[in-house]
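run-v1.pdb follows (PDB, C-alpha atoms):
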```
ATOM      1  CA  MET N1343       0.000   0.000   0.000
ATOM      2  CA  PHE N1344       1.143   3.507  -0.761
ATOM      3  CA  ASP N1345       1.815   5.954   2.035
ATOM      4  CA  TYR N1346      -0.900   8.447   1.115
ATOM      5  CA  ALA N1347       0.180  10.989   3.714
ATOM      6  CA  GLY N1348       3.563  10.965   2.020
ATOM      7  CA  LEU N1349       1.970  11.185  -1.432
ATOM      8  CA  GLU N1350      -0.091  14.193  -0.355
ATOM      9  CA  ALA N1351       3.066  15.891   0.922
ATOM     10  CA  LEU N1352       4.888  15.099  -2.318
ATOM     11  CA  ALA N1353       2.044  16.421  -4.446
ATOM     12  CA  ALA N1354       1.820  19.593  -2.371
ATOM     13  CA  VAL N1355       5.558  20.273  -2.769
ATOM     14  CA  VAL N1356       5.430  19.727  -6.536
ATOM     15  CA  ARG N1357       2.262  21.797  -6.900
ATOM     16  CA  GLU N1358       3.348  24.665  -4.642
ATOM     17  CA  GLY N1359       7.034  24.661  -5.620
ATOM     18  CA  SER N1360       8.453  24.692  -2.089
ATOM     19  CA  PHE N1361       8.283  22.804   1.194
ATOM     20  CA  GLU N1362       7.223  25.947   3.045
ATOM     21  CA  ARG N1363       4.197  26.636   0.837
ATOM     22  CA  ALA N1364       3.308  22.945   0.869
ATOM     23  CA  ALA N1365       3.335  23.028   4.664
ATOM     24  CA  ARG N1366       0.954  25.993   4.733
ATOM     25  CA  ARG N1367      -1.374  24.207   2.323
ATOM     26  CA  LEU N1368      -1.381  21.027   4.448
ATOM     27  CA  HIS N1369      -1.498  22.942   7.758
ATOM     28  CA  VAL N1370       1.630  21.226   9.105
ATOM     29  CA  THR N1371       5.228  22.301   9.675
ATOM     30  CA  PRO N1372       7.832  22.347   6.870
ATOM     31  CA  SER N1373       9.855  19.753   8.776
ATOM     32  CA  ALA N1374       6.835  17.426   8.792
ATOM     33  CA  VAL N1375       6.480  17.786   5.024
ATOM     34  CA  SER N1376      10.199  17.181   4.552
ATOM     35  CA  GLN N1377      10.100  14.081   6.737
ATOM     36  CA  ARG N1378       7.114  12.611   4.872
ATOM     37  CA  VAL N1379       8.733  13.180   1.474
ATOM     38  CA  LYS N1380      12.041  11.750   2.707
ATOM     39  CA  GLN N1381      10.338   8.603   4.029
ATOM     40  CA  LEU N1382       8.489   8.210   0.730
ATOM     41  CA  GLU N1383      11.760   8.537  -1.181
ATOM     42  CA  GLU N1384      13.408   5.954   1.051
ATOM     43  CA  ARG N1385      10.570   3.494   0.424
ATOM     44  CA  ALA N1386      10.675   4.205  -3.325
ATOM     45  CA  GLY N1387      14.460   3.918  -3.399
ATOM     46  CA  GLN N1388      14.883   7.050  -5.507
ATOM     47  CA  VAL N1389      14.653  10.825  -5.482
ATOM     48  CA  LEU N1390      11.127  12.098  -6.066
ATOM     49  CA  VAL N1391      11.662  15.852  -5.666
ATOM     50  CA  GLN N1392      14.372  17.978  -7.225
ATOM     51  CA  ARG N1393      15.120  20.506  -4.499
ATOM     52  CA  GLY N1394      15.478  24.004  -5.902
ATOM     53  CA  THR N1395      13.616  27.216  -6.642
ATOM     54  CA  PRO N1396      11.057  26.052  -7.432
ATOM     55  CA  CYS N1397      11.038  22.433  -6.311
ATOM     56  CA  THR N1398      10.010  20.101  -9.137
ATOM     57  CA  GLY N1399       9.066  16.459  -9.323
ATOM     58  CA  THR N1400      11.295  13.869 -10.949
ATOM     59  CA  GLU N1401       9.673  11.607 -13.537
ATOM     60  CA  ALA N1402       8.874   9.072 -10.803
ATOM     61  CA  GLY N1403       7.630  11.846  -8.529
ATOM     62  CA  ARG N1404       5.299  13.227 -11.188
ATOM     63  CA  ARG N1405       3.884   9.778 -11.853
ATOM     64  CA  LEU N1406       3.157   9.308  -8.149
ATOM     65  CA  CYS N1407       1.405  12.685  -8.121
ATOM     66  CA  LEU N1408      -0.641  11.567 -11.122
ATOM     67  CA  HIS N1409      -1.577   8.369  -9.273
ATOM     68  CA  LEU N1410      -2.782  10.434  -6.316
ATOM     69  CA  ASP N1411      -4.879  12.578  -8.678
ATOM     70  CA  GLN N1412      -6.500   9.439 -10.103
ATOM     71  CA  VAL N1413      -7.282   8.105  -6.625
ATOM     72  CA  ALA N1414      -8.803  11.450  -5.606
ATOM     73  CA  LEU N1415     -10.918  11.466  -8.763
ATOM     74  CA  LEU N1416     -12.269   7.957  -8.128
ATOM     75  CA  GLU N1417     -12.984   8.696  -4.472
ATOM     76  CA  ASN N1418     -14.755  11.919  -5.399
ATOM     77  CA  GLU N1419     -17.007  10.109  -7.881
ATOM     78  CA  LEU N1420     -17.774   7.428  -5.301
ATOM     79  CA  ARG N1421     -18.723  10.050  -2.705
ATOM     80  CA  ARG N1422     -20.827  11.930  -5.262
ATOM     81  CA  THR N1423     -22.833   8.862  -6.271
ATOM     82  CA  ASN N1424     -22.922   7.292  -2.779
ATOM     83  CA  PRO N1425     -23.136  10.094  -0.168
ATOM     84  CA  ALA N1426     -23.690   7.536   2.601
ATOM     85  CA  LEU N1427     -20.054   6.478   2.178
ATOM     86  CA  ALA N1428     -18.888   9.952   3.263
ATOM     87  CA  PRO N1429     -20.024  10.254   6.896
ATOM     88  CA  ASP N1430     -17.438  12.964   7.562
ATOM     89  CA  GLY N1431     -19.019  15.291   5.027
ATOM     90  CA  PRO N1432     -17.605  16.710   1.774
ATOM     91  CA  THR N1433     -13.879  16.688   1.089
ATOM     92  CA  ALA N1434     -11.759  18.933  -1.083
ATOM     93  CA  ALA N1435     -12.664  18.713  -4.770
ATOM     94  CA  PRO N1436     -10.006  17.050  -6.945
ATOM     95  CA  THR N1437      -8.109  19.130  -9.483
ATOM     96  CA  LEU N1438      -7.567  17.628 -12.932
ATOM     97  CA  LYS N1439      -4.486  18.722 -14.870
ATOM     98  CA  LEU N1440      -5.137  18.833 -18.614
ATOM     99  CA  ALA N1441      -2.975  19.867 -21.572
ATOM    100  CA  VAL N1442      -4.749  21.626 -24.461
ATOM    101  CA  ASN N1443      -3.611  23.578 -27.484
ATOM    102  CA  ALA N1444      -4.581  27.252 -27.518
ATOM    103  CA  ASP N1445      -6.866  27.099 -30.567
ATOM    104  CA  SER N1446      -8.935  24.257 -29.093
ATOM    105  CA  LEU N1447      -9.150  26.114 -25.785
ATOM    106  CA  SER N1448     -10.460  29.203 -27.584
ATOM    107  CA  THR N1449     -13.157  27.256 -29.413
ATOM    108  CA  TRP N1450     -14.694  23.818 -28.831
ATOM    109  CA  PHE N1451     -12.874  22.785 -25.643
ATOM    110  CA  MET N1452     -14.484  25.617 -23.680
ATOM    111  CA  ASP N1453     -17.860  23.958 -24.258
ATOM    112  CA  ALA N1454     -16.464  20.643 -23.000
ATOM    113  CA  MET N1455     -15.191  22.308 -19.815
ATOM    114  CA  ALA N1456     -18.478  24.123 -19.217
ATOM    115  CA  ASP N1457     -20.467  20.904 -19.597
ATOM    116  CA  PHE N1458     -18.095  18.965 -17.348
ATOM    117  CA  THR N1459     -17.894  21.513 -14.514
ATOM    118  CA  ALA N1460     -21.678  21.992 -14.542
ATOM    119  CA  GLY N1461     -22.142  18.306 -13.712
ATOM    120  CA  GLY N1462     -19.713  17.945 -10.812
ATOM    121  CA  ASN N1463     -17.402  19.650  -8.351
ATOM    122  CA  GLU N1464     -14.063  18.829 -10.013
ATOM    123  CA  LEU N1465     -11.656  21.680 -10.684
ATOM    124  CA  LEU N1466      -9.517  22.067 -13.807
ATOM    125  CA  ASP N1467      -5.872  23.083 -14.164
ATOM    126  CA  ILE N1468      -5.228  23.779 -17.863
ATOM    127  CA  ARG N1469      -1.737  23.712 -19.346
ATOM    128  CA  ILE N1470      -1.466  25.316 -22.810
ATOM    129  CA  ASP N1471       0.952  23.859 -25.339
ATOM    130  CA  ASP N1472       1.173  23.138 -29.038
ATOM    131  CA  GLN N1473      -0.887  20.101 -30.061
ATOM    132  CA  GLU N1474       2.322  18.436 -31.252
ATOM    133  CA  HIS N1475       3.781  18.619 -27.713
ATOM    134  CA  THR N1476       0.854  18.049 -25.333
ATOM    135  CA  ALA N1477       1.440  14.290 -25.578
ATOM    136  CA  GLN N1478       4.835  14.780 -23.951
ATOM    137  CA  ARG N1479       3.122  16.168 -20.865
ATOM    138  CA  ILE N1480       1.234  12.877 -20.476
ATOM    139  CA  ARG N1481       4.401  10.833 -21.006
ATOM    140  CA  GLU N1482       6.128  12.812 -18.259
ATOM    141  CA  GLY N1483       3.188  12.427 -15.869
ATOM    142  CA  GLU N1484       2.538  16.169 -15.748
ATOM    143  CA  VAL N1485      -1.126  15.951 -16.824
ATOM    144  CA  ILE N1486      -3.842  13.335 -16.609
ATOM    145  CA  ALA N1487      -5.267  13.882 -20.117
ATOM    146  CA  ALA N1488      -4.578  15.956 -23.216
ATOM    147  CA  VAL N1489      -5.805  17.133 -26.585
ATOM    148  CA  THR N1490      -3.000  16.093 -28.899
ATOM    149  CA  ALA N1491      -2.028  15.522 -32.508
ATOM    150  CA  SER N1492      -0.372  12.198 -31.586
ATOM    151  CA  GLU N1493      -2.354   9.198 -32.834
ATOM    152  CA  GLY N1494      -1.821   6.060 -30.777
ATOM    153  CA  SER N1495       1.815   6.816 -29.977
ATOM    154  CA  ILE N1496       1.660   7.317 -26.222
ATOM    155  CA  ALA N1497       2.655   4.205 -24.269
ATOM    156  CA  GLY N1498       0.025   3.011 -21.808
ATOM    157  CA  CYS N1499      -2.624   5.446 -23.085
ATOM    158  CA  ASN N1500      -5.916   5.264 -24.931
ATOM    159  CA  THR N1501      -6.753   7.754 -27.663
ATOM    160  CA  TRP N1502      -9.994   8.808 -29.334
ATOM    161  CA  PRO N1503     -10.141  10.715 -32.655
ATOM    162  CA  LEU N1504     -11.831  14.081 -32.208
ATOM    163  CA  GLY N1505     -11.900  15.345 -35.775
ATOM    164  CA  ALA N1506      -9.734  17.981 -37.403
ATOM    165  CA  MET N1507      -9.321  21.728 -37.167
ATOM    166  CA  HIS N1508      -9.112  23.445 -40.547
ATOM    167  CA  TYR N1509      -6.447  26.145 -40.785
ATOM    168  CA  VAL N1510      -5.795  28.782 -43.439
ATOM    169  CA  ALA N1511      -2.784  31.058 -43.977
ATOM    170  CA  VAL N1512      -3.929  34.677 -43.804
ATOM    171  CA  GLY N1513      -2.722  38.238 -43.517
ATOM    172  CA  SER N1514      -4.212  41.705 -43.825
ATOM    173  CA  PRO N1515      -4.958  42.898 -47.395
ATOM    174  CA  GLN N1516      -2.273  45.571 -47.075
ATOM    175  CA  PHE N1517       0.298  43.056 -45.821
ATOM    176  CA  VAL N1518      -0.454  40.590 -48.622
ATOM    177  CA  ALA N1519      -0.274  43.339 -51.253
ATOM    178  CA  ARG N1520       3.042  44.601 -49.865
ATOM    179  CA  HIS N1521       4.804  41.249 -49.470
ATOM    180  CA  PHE N1522       3.039  39.017 -51.985
ATOM    181  CA  GLY N1523       1.952  41.462 -54.685
ATOM    182  CA  GLY N1524       3.910  39.462 -57.251
ATOM    183  CA  GLY N1525       2.631  36.131 -55.987
ATOM    184  CA  VAL N1526       3.328  33.725 -53.126
ATOM    185  CA  THR N1527       6.644  32.087 -53.989
ATOM    186  CA  PRO N1528       9.512  30.567 -51.990
ATOM    187  CA  GLU N1529      11.395  33.831 -52.480
ATOM    188  CA  THR N1530       8.613  36.126 -51.231
ATOM    189  CA  ALA N1531       7.701  33.726 -48.403
ATOM    190  CA  ALA N1532      11.302  33.768 -47.177
ATOM    191  CA  LEU N1533      11.163  37.560 -46.752
ATOM    192  CA  ALA N1534       7.647  38.114 -45.386
ATOM    193  CA  PRO N1535       7.375  38.334 -41.564
ATOM    194  CA  MET N1536       5.605  35.348 -40.040
ATOM    195  CA  MET N1537       3.569  35.236 -36.831
ATOM    196  CA  VAL N1538       4.435  32.332 -34.496
ATOM    197  CA  TYR N1539       2.570  31.498 -31.279
ATOM    198  CA  GLY N1540       5.601  30.030 -29.475
ATOM    199  CA  ARG N1541       8.810  28.082 -29.932
ATOM    200  CA  ASN N1542       6.866  24.844 -30.413
ATOM    201  CA  ASP N1543       4.524  26.273 -33.052
ATOM    202  CA  ARG N1544       5.389  24.718 -36.420
ATOM    203  CA  LEU N1545       2.075  25.205 -38.255
ATOM    204  CA  GLN N1546       3.365  28.011 -40.448
ATOM    205  CA  ASP N1547       6.479  26.041 -41.427
ATOM    206  CA  GLN N1548       4.377  22.934 -42.121
ATOM    207  CA  TRP N1549       2.080  24.929 -44.401
ATOM    208  CA  LEU N1550       5.040  26.336 -46.337
ATOM    209  CA  GLN N1551       6.428  22.833 -46.797
ATOM    210  CA  ARG N1552       3.100  21.403 -47.974
ATOM    211  CA  GLN N1553       2.685  24.250 -50.439
ATOM    212  CA  GLY N1554       6.200  23.837 -51.817
ATOM    213  CA  LEU N1555       7.167  27.273 -50.503
ATOM    214  CA  ALA N1556       9.881  26.292 -48.015
ATOM    215  CA  SER N1557      13.413  27.455 -48.722
ATOM    216  CA  ARG N1558      16.775  27.313 -47.000
ATOM    217  CA  ARG N1559      16.221  30.818 -45.737
ATOM    218  CA  HIS N1560      14.016  30.910 -42.644
ATOM    219  CA  PRO N1561      11.385  33.678 -42.771
ATOM    220  CA  PRO N1562      11.598  36.431 -40.137
ATOM    221  CA  ARG N1563       9.136  35.732 -37.348
ATOM    222  CA  HIS N1564       7.336  37.517 -34.537
ATOM    223  CA  PHE N1565       6.534  35.468 -31.422
ATOM    224  CA  MET N1566       3.066  36.182 -30.024
ATOM    225  CA  PRO N1567       1.981  33.761 -27.223
ATOM    226  CA  SER N1568      -1.617  34.992 -27.046
ATOM    227  CA  ASN N1569      -4.531  33.898 -29.221
ATOM    228  CA  GLN N1570      -6.102  37.336 -29.196
ATOM    229  CA  GLY N1571      -2.747  39.003 -29.808
ATOM    230  CA  PHE N1572      -1.937  36.508 -32.570
ATOM    231  CA  LEU N1573      -5.149  37.386 -34.388
ATOM    232  CA  ARG N1574      -4.790  41.144 -33.917
ATOM    233  CA  SER N1575      -1.173  41.097 -35.065
ATOM    234  CA  CYS N1576      -2.300  39.629 -38.395
ATOM    235  CA  GLU N1577      -5.190  42.085 -38.665
ATOM    236  CA  VAL N1578      -2.893  45.097 -38.211
ATOM    237  CA  GLY N1579      -0.321  43.801 -40.693
ATOM    238  CA  MET N1580       2.558  42.671 -38.511
ATOM    239  CA  GLY N1581       2.800  39.339 -40.308
ATOM    240  CA  TRP N1582       0.907  36.369 -41.697
ATOM    241  CA  GLY N1583      -0.129  33.295 -39.746
ATOM    242  CA  MET N1584      -2.214  30.115 -39.622
ATOM    243  CA  HIS N1585      -5.661  30.478 -38.067
ATOM    244  CA  PRO N1586      -8.531  28.007 -37.601
ATOM    245  CA  THR N1587     -11.404  29.035 -39.850
ATOM    246  CA  VAL N1588     -13.887  28.783 -36.955
ATOM    247  CA  LEU N1589     -12.079  31.683 -35.285
ATOM    248  CA  ILE N1590     -11.813  34.054 -38.253
ATOM    249  CA  GLU N1591     -15.076  33.574 -40.144
ATOM    250  CA  ARG N1592     -16.020  37.243 -39.648
ATOM    251  CA  GLN N1593     -12.616  38.551 -40.721
ATOM    252  CA  LEU N1594     -12.649  36.414 -43.856
ATOM    253  CA  ALA N1595     -16.194  37.536 -44.665
ATOM    254  CA  ASP N1596     -15.528  41.275 -44.302
ATOM    255  CA  GLY N1597     -12.067  41.157 -45.889
ATOM    256  CA  THR N1598     -10.133  42.151 -42.779
ATOM    257  CA  LEU N1599      -8.031  39.061 -43.420
ATOM    258  CA  VAL N1600      -7.367  37.374 -46.758
ATOM    259  CA  GLU N1601      -5.843  34.018 -47.609
ATOM    260  CA  LEU N1602      -2.337  33.958 -48.991
ATOM    261  CA  ARG N1603      -3.416  31.137 -51.277
ATOM    262  CA  PRO N1604      -7.169  30.580 -51.649
ATOM    263  CA  GLN N1605      -8.349  27.006 -51.206
ATOM    264  CA  ALA N1606      -4.986  26.024 -49.730
ATOM    265  CA  GLY N1607      -6.002  25.218 -46.173
ATOM    266  CA  MET N1608      -4.565  22.547 -43.905
ATOM    267  CA  ASP N1609      -6.393  20.098 -41.644
ATOM    268  CA  VAL N1610      -4.846  19.192 -38.267
ATOM    269  CA  PRO N1611      -6.305  15.968 -36.795
ATOM    270  CA  LEU N1612      -6.821  16.044 -33.032
ATOM    271  CA  TYR N1613      -7.073  13.238 -30.475
ATOM    272  CA  TRP N1614      -8.111  12.908 -26.852
ATOM    273  CA  ALA N1615      -5.523  10.938 -24.898
ATOM    274  CA  LEU N1616      -5.375   9.703 -21.327
ATOM    275  CA  PRO N1617      -3.631   6.943 -19.341
ATOM    276  CA  ARG N1618      -5.519   3.657 -19.531
ATOM    277  CA  SER N1619      -5.484   3.456 -15.735
ATOM    278  CA  ALA N1620      -7.436   6.743 -15.556
ATOM    279  CA  GLN N1621     -10.098   5.893 -18.141
ATOM    280  CA  ALA N1622     -12.805   4.882 -15.657
ATOM    281  CA  GLY N1623     -12.357   7.973 -13.512
ATOM    282  CA  LEU N1624     -12.390  10.268 -16.550
ATOM    283  CA  GLU N1625     -15.349   8.737 -18.388
ATOM    284  CA  ARG N1626     -17.654  11.710 -17.776
ATOM    285  CA  LEU N1627     -14.990  14.195 -18.877
ATOM    286  CA  THR N1628     -14.291  12.111 -21.970
ATOM    287  CA  ARG N1629     -17.974  12.159 -22.906
ATOM    288  CA  CYS N1630     -18.046  15.954 -22.565
ATOM    289  CA  VAL N1631     -14.917  16.293 -24.706
ATOM    290  CA  MET N1632     -16.263  13.975 -27.408
ATOM    291  CA  ALA N1633     -19.624  15.753 -27.541
ATOM    292  CA  ALA N1634     -18.067  19.226 -27.855
ATOM    293  CA  ALA N1635     -15.601  18.055 -30.496
ATOM    294  CA  GLY N1636     -18.427  16.444 -32.458
ATOM    295  CA  ALA N1637     -20.412  19.697 -32.449
ATOM    296  CA  TRP N1638     -17.492  21.912 -33.478
ATOM    297  CA  LEU N1639     -15.295  19.667 -35.591
ATOM    298  CA  GLY N1640     -18.044  17.609 -37.210
ATOM    299  CA  ASN N1641     -16.474  14.256 -36.454
ATOM    300  CA  GLY N1642     -19.778  12.458 -35.906
ATOM    301  CA  THR N1643     -18.590  10.734 -32.725
ATOM    302  CA  ALA N1644     -21.057   9.895 -29.994
ATOM    303  CA  GLY N1645     -18.927   9.373 -26.907
ATOM    304  CA  PRO N1646     -16.213   7.250 -25.268
ATOM    305  CA  SER N1647     -18.102   4.032 -25.887
ATOM    306  CA  LEU N1648     -16.395   4.106 -29.277
ATOM    307  CA  ALA N1649     -13.402   1.802 -29.427
ATOM    308  CA  ALA N1650     -10.325   3.688 -28.282
ATOM    309  CA  ARG N1651      -6.930   3.094 -29.801
ATOM    310  CA  GLN N1652      -4.658   1.445 -27.257
ATOM    311  CA  THR N1653      -0.879   1.647 -27.125
ATOM    312  CA  PRO N1654       1.014  -0.921 -25.018
TER
END
```

Entire entry expressed as C-alpha cells:
Amino acid sequence: MFDYAGLEALAAVVREGSFERAARRLHVTPSAVSQRVKQLEERAGQVLVQRGTPCTGTEAGRRLCLHLDQVALLENELRRTNPALAPDGPTAAPTLKLAVNADSLSTWFMDAMADFTAGGNELLDIRIDDQEHTAQRIREGEVIAAVTASEGSIAGCNTWPLGAMHYVAVGSPQFVARHFGGGVTPETAALAPMMVYGRNDRLQDQWLQRQGLASRRHPPRHFMPSNQGFLRSCEVGMGWGMHPTVLIERQLADGTLVELRPQAGMDVPLYWALPRSAQAGLERLTRCVMAAAGAWLGNGTAGPSLAARQTP
C-alpha cells in the first residue's frame, strides 16, 4: 500500500514549488512535510523531488502525483454517487491537470469544460501547449489527459479521434499586397514576416512545406503567445499566420483578413488521450470532450463508448 500521507506531501511540494508553501497548504510544519517526502523517497528507493527554486518532481515523482490525482478522482465520484459512504461530510474537490492547445481552448474545448464543470465539483488546471507537444506532458506524468495531434503513440494510453481543425494562412490585405503582390513564392515567403505562437509552433512552417514554398532561408518571425494578440497582429499587418477558420469567419467575410493562397487550407487531426489506468475515472470528462468536439469539428462521434486506440 502507498503511504498516502507521504503522497499528499509530495504532491503539495510539486504543486506549490516549495516545502514551506506545501506546509501551509497542508497545515503542518515544513519539517513534517520534509520528513514525509524523505520517508516516501526511502521506500521508493529514488529521489522524487528535485530541491530548488522552485522544487520540481522527478519523472517518478510526477507519476506518483498523477496516481494520487486518479485516486482522488475515483474517491470523489464514489462520494458523489454514494453520499452515505462519506459520513465525515464533503472533502476537497479534486483538481484535474489537462494539456490543451490554444486554438482548441479558444473554441470547442471551452464547451467541454463548461459541460463537465456543470455536472460535478471537479476543478480544472489547464496547461497550454502546441498540439504536437501536449502528448509529452502525459508521457512525463505532468497531466492526466490531453488534446494532442499524436495518434496512438503514447505508451500506456488510450486515444480517441476528435476530428480535425481546418487552418488557413492569412494576412491583412495591405500586408499581402506589400509582401506578396507578385505572388506567393519561396522567395517572397522567405522575406515576409511570419507570426508564431511560441517556440513549439510549427504550423506556419508545415504549411510552407506542404505548399512547396519552403526554402533554405528561414522567414523572419514575430513570437506572439496569445490567441487574441496573434489574431490582432495579423489584422494590423505585422505578419501572416495560420488560423482556424472557426475563429476568423467574420474577418474572412468582411475582408479584414485574406488568404495567402485561396483554397490552400490545412487540416490538423486532433485526439483525446489519457492513461488507460485513468479511463474509468475520466469517463464523464471524456464524454463531454467527445460531444463538444463532435459539435465543433463535425467528427460524428457519440462518446467514449467508441473503441479507443490502445498503445502498449

(message) Give me the residues near range 1371-1380 of chain N as a PyMOL selection string, where near means some atom within 9 Å (using all atoms listed in the file) and where sequence neighbours in that chain fewer than 5 positions away do not count.
(response) chain N and resi 1345+1347-1349+1351-1352+1354-1355+1361-1366+1385+1389-1391

(message) Which residue is closest to Thr1490 in chain N? Choose from N:Phe1572, N:Tyr1613, N:Trp1638, N:Phe1522 and count all atoms listed in the file.
(response)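 Among the listed residues, the smallest separation from Thr1490 in chain N belongs to N:Tyr1613.
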
Which neighbours of Phe1517 in chain N fall inside 8 Å, counting all atoms listed in the file, when residues of the same chain fewer than 2 positions from it are skipped, and could you give them as a PDB file with C-alpha atoms, in the frame of the given file?
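Below you can see result.pdb, which holds the result:
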```pdb
ATOM      1  CA  GLY N1513      -2.722  38.238 -43.517  1.00  0.00           C
ATOM      2  CA  SER N1514      -4.212  41.705 -43.825  1.00  0.00           C
ATOM      3  CA  PRO N1515      -4.958  42.898 -47.395  1.00  0.00           C
ATOM      4  CA  ALA N1519      -0.274  43.339 -51.253  1.00  0.00           C
ATOM      5  CA  ARG N1520       3.042  44.601 -49.865  1.00  0.00           C
ATOM      6  CA  HIS N1521       4.804  41.249 -49.470  1.00  0.00           C
ATOM      7  CA  PHE N1522       3.039  39.017 -51.985  1.00  0.00           C
ATOM      8  CA  GLY N1579      -0.321  43.801 -40.693  1.00  0.00           C
ATOM      9  CA  MET N1580       2.558  42.671 -38.511  1.00  0.00           C
ATOM     10  CA  GLY N1581       2.800  39.339 -40.308  1.00  0.00           C
ATOM     11  CA  TRP N1582       0.907  36.369 -41.697  1.00  0.00           C
TER      12      TRP N1582
END
```

(request) Would you work out the distance separating CA of Leu1624 in chain N from CA of Glu1401 in chain N, expressed in Å to one decimal? (result) 22.3 Å

(request) Check the smallest atom-to-atom distance from each of N:Glu1482, N:Ala1353, N:Leu1594, N:Ala1444 to Pro1567 in chain N using only C-alpha atoms, then report the winner. (result)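 For Pro1567 in chain N, the nearest of the candidates is N:Ala1444.
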
(message) Which residue is closest to Ala1414 in chain N? Choose from N:Val1526, N:His1475, N:Ala1620, N:Met1608 and count all atoms listed in the file.
(response)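 Under the stated criterion, the closest residue is N:Ala1620.
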
Specify as a JSON list (two decimals) with C-alpha atoms, in the coordinates of the input each residue included when the PyMOL selection byres ((chain N and resi 1508) around 10) is applied to this file.
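Final file, part24.json:
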```
[["chain", "number", "residue", "atom", "x", "y", "z"],
["N", 1505, "GLY", "CA", -11.90, 15.34, -35.78],
["N", 1506, "ALA", "CA", -9.73, 17.98, -37.40],
["N", 1507, "MET", "CA", -9.32, 21.73, -37.17],
["N", 1509, "TYR", "CA", -6.45, 26.14, -40.78],
["N", 1510, "VAL", "CA", -5.80, 28.78, -43.44],
["N", 1584, "MET", "CA", -2.21, 30.12, -39.62],
["N", 1585, "HIS", "CA", -5.66, 30.48, -38.07],
["N", 1586, "PRO", "CA", -8.53, 28.01, -37.60],
["N", 1587, "THR", "CA", -11.40, 29.04, -39.85],
["N", 1588, "VAL", "CA", -13.89, 28.78, -36.96],
["N", 1607, "GLY", "CA", -6.00, 25.22, -46.17],
["N", 1608, "MET", "CA", -4.57, 22.55, -43.90],
["N", 1609, "ASP", "CA", -6.39, 20.10, -41.64],
["N", 1610, "VAL", "CA", -4.85, 19.19, -38.27],
["N", 1611, "PRO", "CA", -6.30, 15.97, -36.80],
["N", 1639, "LEU", "CA", -15.30, 19.67, -35.59]]
```

Edge lengths and centre in Å, axis-aligned, range 1610-1625 of chain N plus 6 Å each side, as AutoDock Vina command-line options:
```
--center_x -9.5 --center_y 11.3 --center_z -25.9 --size_x 23.7 --size_y 27.7 --size_z 36.8
```

Tell me which protein, DNA and RNA residues are within 8 Å of His1564 in chain N, counting all atoms listed in the file, leaving out same-chain ones fewer than 3 positions away, and put them as a PDB file with C-alpha atoms, in the frame of the given file.
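out16.pdb, written as the output of this step:
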```pdb
ATOM      1  CA  PRO N1535       7.375  38.334 -41.564  1.00  0.00           C
ATOM      2  CA  MET N1536       5.605  35.348 -40.040  1.00  0.00           C
ATOM      3  CA  MET N1537       3.569  35.236 -36.831  1.00  0.00           C
ATOM      4  CA  VAL N1538       4.435  32.332 -34.496  1.00  0.00           C
ATOM      5  CA  GLY N1581       2.800  39.339 -40.308  1.00  0.00           C
TER       6      GLY N1581
END
```

(request) Give me, please, the distance in Å between CA of Val1485 in chain N and CA of Asn1424 in chain N, quoted to one decimal. (result)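 We find that CA of Val1485 in chain N and CA of Asn1424 in chain N lie 27.3 Å from each other.
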
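The space between CA of Asp1547 in chain N and CA of Ile1496 in chain N spans 24.6 Å.
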
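Within the 7 Å cut-off around Thr1398 in chain N, using all atoms listed in the file and omitting residues fewer than 6 positions from it on the same chain, the listed residues are Val1356, Gly1359, Val1391 and Gln1392 of chain N.
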
(message) From the options N:Thr1395, N:Gln1478, N:Leu1440, N:Thr1400, which residue's atoms come nearest to Met1455 in chain N, counting all atoms listed in the file?
(response)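 Closest to Met1455 in chain N of all the choices is N:Leu1440.
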
(message) My list of candidates is N:Thr1449, N:Gln1551, N:Ser1575, N:Asn1443. Which is closest to Ile1468 in chain N when distances are computed with all atoms listed in the file?
(response)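 Smallest distance to Ile1468 in chain N is found for N:Asn1443.
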
(message) the PyMOL selection byres ((chain N and resi 1542) around 10) - which residues does that actually catch in the file I just gave you? List them as a PyMOL selection string.
(response) chain N and resi 1471-1475+1538-1541+1543-1545

Would you mind exporting the chosen residues as a CSV table (one decimal), in the frame of the given file, restricted to C-alpha atoms?
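Saved result, part09.csv, follows:
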```csv
chain,number,residue,atom,x,y,z
N,1471,ASP,CA,1.0,23.9,-25.3
N,1472,ASP,CA,1.2,23.1,-29.0
N,1473,GLN,CA,-0.9,20.1,-30.1
N,1474,GLU,CA,2.3,18.4,-31.3
N,1475,HIS,CA,3.8,18.6,-27.7
N,1538,VAL,CA,4.4,32.3,-34.5
N,1539,TYR,CA,2.6,31.5,-31.3
N,1540,GLY,CA,5.6,30.0,-29.5
N,1541,ARG,CA,8.8,28.1,-29.9
N,1543,ASP,CA,4.5,26.3,-33.1
N,1544,ARG,CA,5.4,24.7,-36.4
N,1545,LEU,CA,2.1,25.2,-38.3
```

(message) I'd like to see the residues matched by the PyMOL selection byres ((chain N and resi 1531) around 12) on this file, and ideally I'd get them as a PyMOL selection string.
(response) chain N and resi 1511+1518+1520-1530+1532-1536+1546-1547+1549-1551+1553-1563+1581-1583+1602-1603
